[in-house]
file upload_37.cif (mmCIF, C-alpha atoms)
data_input
loop_
_atom_site.label_atom_id
_atom_site.label_comp_id
_atom_site.auth_asym_id
_atom_site.auth_seq_id
_atom_site.Cartn_x
_atom_site.Cartn_y
_atom_site.Cartn_z
CA MET A 1 -13.65 -11.16 6.91
CA ARG A 2 -16.27 -11.33 9.62
CA ARG A 3 -15.28 -12.76 12.99
CA ASP A 4 -17.80 -15.59 12.65
CA GLU A 5 -16.00 -16.70 9.46
CA PHE A 6 -12.72 -17.17 11.29
CA ARG A 7 -13.40 -20.73 12.43
CA LYS A 8 -14.01 -21.89 8.85
CA ALA A 9 -10.93 -20.05 7.60
CA PHE A 10 -8.91 -21.63 10.39
CA PHE A 11 -9.93 -25.20 9.60
CA ASP A 12 -9.60 -24.61 5.85
CA ALA A 13 -6.04 -23.35 6.13
CA SER A 14 -4.57 -24.89 9.27
CA ASP A 15 -2.98 -27.94 7.61
CA ARG A 16 -1.39 -25.94 4.80
CA VAL A 17 -0.20 -23.19 7.08
CA HIS A 18 1.34 -25.66 9.52
CA THR A 19 2.88 -27.75 6.75
CA TYR A 20 4.51 -24.70 5.20
CA ALA A 21 5.87 -23.66 8.60
CA VAL A 22 7.30 -27.15 9.18
CA TRP A 23 9.04 -27.20 5.79
CA MET A 24 10.45 -23.73 6.34
CA ILE A 25 11.51 -23.92 9.96
CA ARG A 26 12.22 -27.68 10.16
CA ASN A 27 11.30 -27.85 13.81
CA ARG A 28 7.91 -28.97 14.99
CA GLU A 29 7.67 -26.78 18.11
CA ASP A 30 8.73 -23.62 16.30
CA ALA A 31 6.38 -24.44 13.42
CA ARG A 32 3.46 -24.86 15.81
CA ASP A 33 4.25 -21.55 17.53
CA ILE A 34 4.52 -19.75 14.20
CA ALA A 35 1.27 -21.20 12.86
CA GLN A 36 -0.53 -20.22 16.07
CA GLU A 37 0.93 -16.72 15.92
CA ALA A 38 -0.26 -16.33 12.32
CA PHE A 39 -3.83 -17.33 13.24
CA LEU A 40 -3.88 -15.00 16.24
CA ARG A 41 -2.74 -12.14 14.00
CA LEU A 42 -5.48 -12.98 11.51
CA TRP A 43 -8.02 -12.88 14.35
CA GLN A 44 -6.78 -9.45 15.39
CA ARG A 45 -6.95 -8.15 11.82
CA CYS A 46 -10.14 -9.90 10.73
CA GLU A 47 -11.77 -6.70 9.54
CA THR A 48 -8.92 -5.83 7.19
CA VAL A 49 -8.47 -9.26 5.55
CA ALA A 50 -10.88 -10.40 2.82
CA THR A 51 -12.27 -13.92 3.34
CA GLN A 52 -11.09 -15.14 -0.06
CA SER A 53 -7.52 -13.96 0.55
CA ALA A 54 -7.25 -15.26 4.12
CA ARG A 55 -5.21 -18.29 3.10
CA ALA A 56 -2.66 -16.25 1.14
CA TRP A 57 -2.51 -13.74 3.99
CA LEU A 58 -1.81 -16.53 6.47
CA LEU A 59 0.92 -18.07 4.33
CA ARG A 60 2.52 -14.65 3.84
CA THR A 61 2.48 -14.09 7.60
CA VAL A 62 3.93 -17.53 8.26
CA HIS A 63 6.62 -16.89 5.65
CA ARG A 64 7.65 -13.64 7.34
CA LEU A 65 7.62 -15.20 10.79
CA CYS A 66 9.73 -18.10 9.54
CA VAL A 67 12.26 -15.76 7.91
CA ASP A 68 12.49 -13.76 11.15
CA ARG A 69 12.95 -16.92 13.19
CA ILE A 70 15.66 -18.22 10.84
CA ARG A 71 17.47 -14.87 11.09
CA GLN A 72 17.32 -15.05 14.88
CA ARG A 73 18.75 -18.55 14.76
CA THR A 74 21.54 -17.42 12.48
CA ARG A 75 22.37 -14.45 14.72
CA ARG A 76 22.49 -16.66 17.79
CA GLN A 77 24.32 -19.36 15.82
CA GLU A 78 21.74 -21.83 17.08
CA VAL A 79 22.04 -25.38 15.98
CA SER A 80 18.62 -26.95 15.81
CA LEU A 81 18.95 -30.21 17.66
CA SER A 82 15.37 -31.19 17.09
CA MET A 83 15.36 -31.15 13.29
CA LEU A 84 12.51 -33.16 11.95
CA PRO A 85 13.25 -36.63 10.68
CA ILE A 86 12.48 -37.19 7.01
CA ASP A 87 9.53 -39.46 7.79
CA SER A 88 7.71 -36.44 9.27
CA PHE A 89 7.09 -35.30 5.71
CA VAL A 90 6.01 -38.59 4.27
CA ASP A 91 2.78 -40.43 4.66
CA ALA A 92 3.79 -44.04 5.12
CA ASP A 93 0.57 -45.30 3.51
CA ALA A 94 1.14 -43.26 0.37
CA THR A 95 4.66 -44.43 -0.33
CA THR A 96 5.75 -47.49 -2.15
CA ASP A 97 9.43 -46.97 -2.83
CA TRP A 98 10.46 -44.95 0.19
CA SER A 99 12.44 -46.05 3.16
CA PRO A 100 14.14 -43.96 5.84
CA ASP A 101 17.52 -45.47 4.96
CA GLY A 102 17.73 -43.25 1.93
CA ASP A 103 16.22 -43.56 -1.51
CA LEU A 104 14.94 -41.15 -4.09
CA ARG A 105 12.10 -39.60 -2.08
CA GLY A 106 14.21 -39.28 1.03
CA ASP A 107 17.01 -37.71 -1.03
CA VAL A 108 14.62 -35.20 -2.63
CA ILE A 109 13.21 -34.20 0.76
CA ARG A 110 16.66 -33.86 2.26
CA ALA A 111 17.82 -31.79 -0.69
CA VAL A 112 14.83 -29.44 -0.44
CA VAL A 113 15.24 -29.07 3.31
CA ALA A 114 18.93 -28.26 2.80
CA LEU A 115 18.21 -25.41 0.37
CA SER A 116 18.46 -21.80 1.53
CA PRO A 117 15.20 -20.46 3.05
CA GLU A 118 14.58 -18.32 -0.06
CA ASP A 119 14.99 -21.27 -2.42
CA ARG A 120 13.10 -23.61 -0.12
CA ALA A 121 10.13 -21.24 0.04
CA VAL A 122 9.57 -21.16 -3.72
CA VAL A 123 10.08 -24.89 -4.17
CA VAL A 124 7.71 -25.79 -1.33
CA LEU A 125 5.04 -23.31 -2.42
CA ARG A 126 5.15 -24.61 -5.98
CA GLU A 127 5.80 -28.33 -5.63
CA VAL A 128 4.26 -29.17 -2.24
CA MET A 129 1.47 -26.59 -2.06
CA GLY A 130 0.83 -26.55 -5.82
CA MET A 131 0.48 -22.76 -5.96
CA SER A 132 0.48 -20.70 -9.15
CA TYR A 133 3.13 -18.05 -9.82
CA GLY A 134 0.57 -15.35 -9.02
CA ASP A 135 -0.36 -16.85 -5.66
CA MET A 136 3.31 -17.37 -4.84
CA GLY A 137 3.91 -13.72 -5.62
CA GLU A 138 1.21 -12.77 -3.12
CA VAL A 139 2.73 -14.94 -0.41
CA LEU A 140 6.28 -13.78 -1.03
CA ALA A 141 5.24 -10.17 -1.72
CA GLN A 142 7.10 -10.20 -5.03
CA PRO A 143 6.14 -9.71 -8.67
CA VAL A 144 5.48 -12.78 -10.80
CA SER A 145 8.59 -12.18 -12.89
CA THR A 146 10.77 -12.33 -9.76
CA VAL A 147 9.00 -15.47 -8.59
CA LYS A 148 9.72 -17.17 -11.94
CA VAL A 149 13.41 -16.31 -11.78
CA ARG A 150 13.71 -17.40 -8.16
CA LEU A 151 11.94 -20.68 -8.81
CA HIS A 152 14.11 -21.43 -11.81
CA ARG A 153 17.31 -20.76 -9.83
CA ALA A 154 16.06 -22.80 -6.89
CA ARG A 155 15.30 -25.74 -9.19
CA LYS A 156 18.77 -25.55 -10.68
CA ARG A 157 20.35 -25.56 -7.23
CA LEU A 158 18.13 -28.43 -6.18
CA ARG A 159 19.26 -30.34 -9.24
CA CYS A 160 22.90 -29.68 -8.33
CA ARG A 161 22.28 -31.16 -4.90
CA LEU A 162 20.41 -34.15 -6.26
CA GLU A 163 22.61 -35.05 -9.21
CA PRO A 164 25.46 -36.63 -7.25
CA LEU A 165 22.98 -38.61 -5.19
CA CYS A 166 21.13 -39.81 -8.27
CA GLU A 167 24.38 -40.79 -9.98
CA LYS A 168 25.47 -42.69 -6.88
CA ARG A 169 22.13 -44.50 -6.83
CA SER A 170 22.37 -45.48 -10.50
CA VAL A 171 25.89 -46.86 -9.92
CA ARG A 172 24.58 -48.98 -7.03
CA MET B 1 25.78 -23.14 -24.65
CA ASN B 2 23.70 -25.40 -26.85
CA ARG B 3 21.85 -23.62 -29.64
CA SER B 4 20.04 -26.54 -31.24
CA ILE B 5 17.03 -25.61 -33.43
CA ASN B 6 18.02 -21.96 -32.91
CA ILE B 7 16.88 -21.92 -29.30
CA ASP B 8 19.08 -20.89 -26.40
CA CYS B 9 19.23 -23.39 -23.56
CA ASP B 10 18.46 -20.56 -21.12
CA ASP B 11 15.27 -19.76 -23.04
CA ALA B 12 14.45 -23.44 -23.28
CA LEU B 13 14.92 -24.02 -19.54
CA ALA B 14 12.63 -21.07 -18.74
CA ALA B 15 10.09 -22.46 -21.19
CA ILE B 16 10.33 -25.92 -19.61
CA ASP B 17 9.61 -24.38 -16.20
CA ALA B 18 6.62 -22.45 -17.52
CA ARG B 19 5.18 -25.42 -19.43
CA TYR B 20 5.64 -27.69 -16.47
CA ASP B 21 3.93 -25.19 -14.18
CA GLY B 22 1.02 -24.67 -16.58
CA GLU B 23 2.00 -21.08 -17.35
CA ALA B 24 2.32 -19.33 -20.69
CA THR B 25 5.63 -19.71 -22.54
CA ARG B 26 7.30 -17.42 -25.02
CA LEU B 27 8.50 -20.38 -27.08
CA GLY B 28 6.16 -22.43 -29.21
CA ASP B 29 5.49 -26.01 -28.05
CA ASP B 30 6.84 -27.50 -31.26
CA ASP B 31 10.08 -25.52 -31.06
CA LEU B 32 10.58 -26.54 -27.45
CA ASP B 33 9.91 -30.22 -28.21
CA ARG B 34 12.39 -30.19 -31.09
CA HIS B 35 14.98 -28.62 -28.79
CA LEU B 36 14.35 -31.22 -26.10
CA HIS B 37 14.91 -34.03 -28.63
CA THR B 38 18.31 -32.71 -29.52
CA CYS B 39 19.57 -31.26 -26.21
CA SER B 40 20.35 -33.78 -23.48
CA GLU B 41 21.02 -31.07 -20.88
CA CYS B 42 17.55 -29.58 -21.23
CA SER B 43 15.80 -32.94 -21.44
CA ASP B 44 17.62 -34.02 -18.25
CA TYR B 45 16.38 -30.86 -16.59
CA ALA B 46 12.81 -31.64 -17.68
CA ALA B 47 13.15 -35.16 -16.29
CA HIS B 48 14.50 -33.70 -13.04
CA LEU B 49 11.38 -31.53 -12.68
CA VAL B 50 9.13 -34.55 -13.16
CA THR B 51 11.01 -36.53 -10.52
CA VAL B 52 11.06 -33.74 -7.95
CA ARG B 53 7.38 -33.01 -8.33
CA ARG B 54 6.39 -36.66 -8.17
CA GLU B 55 8.37 -37.21 -4.99
CA LEU B 56 7.29 -33.99 -3.28
CA GLN B 57 3.64 -34.47 -4.12
CA ALA B 58 3.82 -37.80 -2.31
CA THR B 59 4.68 -35.96 0.88
CA ARG B 60 1.79 -35.29 3.17
CA MET B 61 0.20 -32.28 4.80
CA ILE B 62 1.32 -32.06 8.40
CA PRO B 63 -1.72 -31.19 10.54
CA MET B 64 -1.55 -29.05 13.64
CA SER B 65 -1.77 -30.97 16.89
CA GLN B 66 -5.13 -30.98 18.67
CA GLU B 67 -3.53 -29.04 21.52
CA ALA B 68 -2.41 -26.29 19.13
CA ILE B 69 -5.87 -26.17 17.54
CA ASP B 70 -7.51 -25.89 20.96
CA THR B 71 -5.13 -23.10 21.95
CA VAL B 72 -5.93 -21.05 18.84
CA LEU B 73 -9.67 -21.52 19.24
CA ALA B 74 -9.55 -20.71 22.95
CA LEU B 75 -7.71 -17.46 22.24
CA THR B 76 -9.98 -16.47 19.35
CA VAL B 77 -13.53 -17.64 18.60
CA ASP B 78 -14.21 -19.33 21.95
CA GLN B 79 -13.23 -16.16 23.74
CA THR B 80 -16.12 -14.26 22.16
CA VAL B 81 -18.74 -16.04 24.28
CA ALA B 82 -17.27 -14.65 27.47
CA PRO B 83 -17.53 -10.93 26.64
CA HIS B 84 -21.19 -11.37 25.66
CA VAL B 85 -22.04 -13.06 28.92
CA ALA B 86 -19.95 -10.56 30.86
CA GLN B 87 -21.70 -7.70 29.09
CA ALA B 88 -25.12 -9.20 29.81
CA ARG B 89 -24.18 -9.63 33.46
CA GLY B 90 -22.99 -6.05 33.65
CA LEU B 91 -26.26 -4.85 32.17
CA ARG B 92 -28.20 -6.98 34.62
CA ARG B 93 -26.36 -5.41 37.54
CA LEU B 94 -27.09 -1.98 36.11
CA ALA B 95 -30.77 -2.83 35.70
CA THR B 96 -30.92 -4.21 39.25
CA ALA B 97 -29.52 -0.95 40.56
CA ALA B 98 -32.08 0.98 38.48
CA VAL B 99 -34.95 -1.16 39.78
CA VAL B 100 -33.80 -0.77 43.39
CA ALA B 101 -33.64 2.98 42.82
CA LEU B 102 -37.16 2.84 41.39
CA ALA B 103 -38.37 0.82 44.37
CA VAL B 104 -37.02 3.43 46.73
CA LEU B 105 -37.85 6.54 44.75
CA GLY B 106 -41.24 5.38 43.42
CA PRO B 107 -43.18 5.43 46.69
CA TRP B 108 -41.45 8.66 47.64
CA MET B 109 -42.58 10.29 44.36
CA VAL B 110 -46.13 9.03 44.85
CA LEU B 111 -46.24 10.28 48.40
CA ARG B 112 -44.98 13.63 47.20
CA GLN B 113 -47.71 13.87 44.54
CA SER B 114 -50.55 12.71 46.74
CA ASN B 115 -52.19 14.30 49.78
CA ASP B 116 -51.70 12.76 53.23
CA SER B 117 -55.04 10.98 53.47
CA ALA B 118 -54.41 8.88 50.36
CA ALA B 119 -50.79 8.15 51.12
CA VAL B 120 -51.15 4.51 52.15
CA GLU B 121 -53.22 3.59 49.12
CA ASP B 122 -50.75 5.34 46.81
CA VAL B 123 -47.78 3.54 48.29
CA GLU B 124 -49.46 0.17 47.68
CA ARG B 125 -50.15 1.17 44.12
CA ALA B 126 -46.55 2.30 43.72
CA SER B 127 -45.17 -0.99 44.99
CA MET B 128 -47.26 -2.90 42.42
CA GLU B 129 -45.96 -0.62 39.70
CA VAL B 130 -42.40 -1.24 40.77
CA ARG B 131 -42.99 -4.99 40.75
CA TYR B 132 -44.39 -4.66 37.21
CA VAL B 133 -41.27 -2.80 36.09
CA MET B 134 -39.03 -5.38 37.73
CA GLN B 135 -40.82 -8.24 35.97
CA LEU B 136 -40.41 -6.52 32.63
CA THR B 137 -36.76 -5.75 33.18
CA PHE B 138 -35.70 -9.15 34.46
CA GLY B 139 -37.79 -10.91 31.84
CA ALA B 140 -35.96 -9.09 29.08
CA LEU B 141 -32.54 -9.45 30.67
CA GLN B 142 -33.05 -13.17 31.24
CA ARG B 143 -33.45 -13.56 27.48
CA VAL B 144 -30.33 -11.47 26.99
CA GLU B 145 -28.16 -14.04 28.74
CA ASP B 146 -29.41 -16.83 26.52
CA VAL B 147 -28.73 -15.22 23.15
CA ALA B 148 -25.39 -15.44 21.47
CA THR B 149 -25.21 -12.53 19.10
CA GLU B 150 -24.61 -9.00 20.05
CA GLU B 151 -27.30 -7.62 17.75
CA ILE B 152 -30.10 -9.63 19.34
CA MET B 153 -28.83 -8.78 22.80
CA GLU B 154 -28.79 -5.08 22.02
CA SER B 155 -32.34 -5.19 20.68
CA HIS B 156 -33.58 -6.96 23.83
CA VAL B 157 -31.83 -4.53 26.12
CA SER B 158 -33.09 -1.49 24.26
CA SER B 159 -36.62 -2.90 24.26
CA ALA B 160 -36.39 -3.59 28.00
CA LEU B 161 -35.12 -0.10 28.69
CA THR B 162 -37.86 1.40 26.53
CA ARG B 163 -40.44 -0.53 28.49
CA VAL B 164 -38.91 0.61 31.77
CA VAL B 165 -39.00 4.24 30.64
CA ASP B 166 -42.57 3.89 29.30
CA THR B 167 -43.79 2.28 32.47
CA TRP B 168 -42.07 4.86 34.59
CA THR B 169 -43.68 7.62 32.52
CA GLU B 170 -47.07 5.99 32.92
CA PHE B 171 -46.40 5.47 36.60
CA THR B 172 -45.60 9.11 37.23
CA ASN B 173 -48.64 10.25 35.21
CA PRO B 174 -51.61 10.33 37.63
CA PHE B 175 -54.16 10.53 34.76
CA VAL B 176 -53.25 7.13 33.24
CA ARG B 177 -54.96 4.01 34.49
CA LYS B 178 -52.35 1.26 35.04
CA PRO B 179 -53.04 -2.40 34.11
CA GLY B 180 -53.88 -4.66 37.04
CA LEU B 181 -54.42 -1.78 39.44
#

call {"tool": "encode", "arguments": {"input": "upload_37.cif", "output": "structure tokens"}}
result
Amino acid sequence: MRRDEFRKAFFDASDRVHTYAVWMIRNREDARDIAQEAFLRLWQRCETVATQSARAWLLRTVHRLCVDRIRQRTRRQEVSLSMLPIDSFVDADATTDWSPDGDLRGDVIRAVVALSPEDRAVVVLREVMGMSYGDMGEVLAQPVSTVKVRLHRARKRLRCRLEPLCEKRSVR
Amino acid sequence: MNRSINIDCDDALAAIDARYDGEATRLGDDDLDRHLHTCSECSDYAAHLVTVRRELQATRMIPMSQEAIDTVLALTVDQTVAPHVAQARGLRRLATAAVVALAVLGPWMVLRQSNDSAAVEDVERASMEVRYVMQLTFGALQRVEDVATEEIMESHVSSALTRVVDTWTEFTNPFVRKPGL
């Protein structure tokens, strides 16, 4: 990628890169720092990254930075006090049946956010970002077969988390 | 484990994932549909996928703040203007030093080449030559500061330097008639 193509790549990918970081790290300040760090790294490695793969490269970098940050948190036994509220993920104009008090959409978001980072990554890449198995493999640096298995397991775990909530809702 | 229509639920669940994600499945569509009609566990799973996707796709992209965008641009693309200008300024200082050296050395060279009786006339001629070189150099370097890309800048600088060298060669050659002299 040429340096003069960076600006376009930045504006093309900034929303997705930041959104992925927010879902993964669940803290707006950390997500901003990670997204910025990813773009600065891309700038430094412009010559080695092809223009068409810049977005995947950025998401892969963000993924690694998020995993590192989560590990640091775990080591330091940090409790994130500034976890994002659920409405950070939801566009109020686009919702009809959502309210912060807790309904289906809020429950789904909470369940995804509560998954392990590995499970959360595959679910977010597939369901929020709409990526194919191949693209997910590039981001996660894993073969497609592994991505399929991980996604399937993550969906099962997500279902386990959601089932009691859904049953409770149907009883109400 | 449910084995309705001779399909394992594990195989069926993998096939549901693949079909739902628009990927190729090992099971035929008809076989999978028949299984889904008879297996509540797998059909519940398929319904779960639909629900999760519908709800997650209604979430929004979360844009970077303007401050974060400005920071990235300031540390990357916006930074590239400064080195160009700094480089042009450095070259201008270098050229100024070269022109000053020419202004000092030029008359001395002329005086050295000429005999004593023609010294005054030669010094005047030398000073006009030096002014000509200075005009060429600063003219080219002025354009250098205005251009953005490195390639154009390099071509201007090299052309200015070529002109300086050519003029200096002409200047030191007593057999060439100089323009305006």

call {"tool": "interface_residues", "arguments": {"input": "upload_37.cif", "of": "chain A", "to": "chain B", "cutoff": "8 Å", "atoms": "only C-alpha atoms", "output": "mmCIF file with C-alpha atoms, in the frame of the given file"}}
result
data_model
loop_
_atom_site.group_PDB
_atom_site.id
_atom_site.type_symbol
_atom_site.label_atom_id
_atom_site.label_comp_id
_atom_site.auth_asym_id
_atom_site.auth_seq_id
_atom_site.Cartn_x
_atom_site.Cartn_y
_atom_site.Cartn_z
ATOM 1 C CA ARG A 3 -15.280 -12.760 12.990
ATOM 2 C CA ASP A 4 -17.800 -15.590 12.650
ATOM 3 C CA PHE A 6 -12.720 -17.170 11.290
ATOM 4 C CA ARG A 7 -13.400 -20.730 12.430
ATOM 5 C CA SER A 14 -4.570 -24.890 9.270
ATOM 6 C CA ASP A 15 -2.980 -27.940 7.610
ATOM 7 C CA ARG A 16 -1.390 -25.940 4.800
ATOM 8 C CA HIS A 18 1.340 -25.660 9.520
ATOM 9 C CA THR A 19 2.880 -27.750 6.750
ATOM 10 C CA VAL A 22 7.300 -27.150 9.180
ATOM 11 C CA ARG A 32 3.460 -24.860 15.810
ATOM 12 C CA GLN A 36 -0.530 -20.220 16.070
ATOM 13 C CA PHE A 39 -3.830 -17.330 13.240
ATOM 14 C CA LEU A 40 -3.880 -15.000 16.240
ATOM 15 C CA TRP A 43 -8.020 -12.880 14.350
ATOM 16 C CA SER A 88 7.710 -36.440 9.270
ATOM 17 C CA PHE A 89 7.090 -35.300 5.710
ATOM 18 C CA VAL A 90 6.010 -38.590 4.270
ATOM 19 C CA ASP A 91 2.780 -40.430 4.660
ATOM 20 C CA ALA A 94 1.140 -43.260 0.370
ATOM 21 C CA THR A 95 4.660 -44.430 -0.330
ATOM 22 C CA LEU A 104 14.940 -41.150 -4.090
ATOM 23 C CA ARG A 105 12.100 -39.600 -2.080
ATOM 24 C CA VAL A 108 14.620 -35.200 -2.630
ATOM 25 C CA ILE A 109 13.210 -34.200 0.760
ATOM 26 C CA GLU A 127 5.800 -28.330 -5.630
ATOM 27 C CA VAL A 128 4.260 -29.170 -2.240
ATOM 28 C CA SER A 132 0.480 -20.700 -9.150
ATOM 29 C CA HIS A 152 14.110 -21.430 -11.810
ATOM 30 C CA ARG A 155 15.300 -25.740 -9.190
ATOM 31 C CA ARG A 159 19.260 -30.340 -9.240
#

call {"tool": "closest_residue", "arguments": {"input": "upload_37.cif", "among": "A:Val112, A:Met24, A:Leu158, A:Ala9", "to": "Arg64 in chain A", "atoms": "all atoms listed in the file"}}
result
A:Met24

call {"tool": "atom_distance", "arguments": {"input": "upload_37.cif", "atom1": "CA of Leu59 in chain A", "atom2": "CA of Met136 in chain A"}}
result
9.5 Å

call {"tool": "atom_distance", "arguments": {"input": "upload_37.cif", "atom1": "CA of Asp31 in chain B", "atom2": "CA of Leu162 in chain A"}}
result
28.2 Å

call {"tool": "resolve_selection", "arguments": {"input": "upload_37.cif", "expression": "the PyMOL selection byres ((chain B and resi 36) around 12)", "output": "ChimeraX atom specification"}}
result
/B:2-5,7-9,11-13,15-16,29-35,37-47

call {"tool": "atom_distance", "arguments": {"input": "upload_37.cif", "atom1": "CA of Pro117 in chain A", "atom2": "CA of Ile70 in chain A"}}
result
8.1 Å

call {"tool": "residues_around", "arguments": {"input": "upload_37.cif", "residues": "Arg150 in chain A", "least_positions_apart": "4", "cutoff": "12 Å", "atoms": "all atoms listed in the file", "output": "number ranges by chain"}}
result
A: 116-123, 125-126, 133, 136-137, 140, 142-146, 154-157; B: 14, 17

call {"tool": "closest_residue", "arguments": {"input": "upload_37.cif", "among": "A:Val147, A:Cys66, A:Met131, A:Leu58", "to": "Asp30 in chain A", "atoms": "all atoms listed in the file"}}
result
A:Cys66

call {"tool": "axis_aligned_box", "arguments": {"input": "upload_37.cif", "around": "range 8-17 of chain A", "padding_each_side": "3 Å", "output": "JSON"}}
result
{"center_x": -7.1, "center_y": -24.0, "center_z": 7.6, "size_x": 19.8, "size_y": 13.9, "size_z": 11.6}
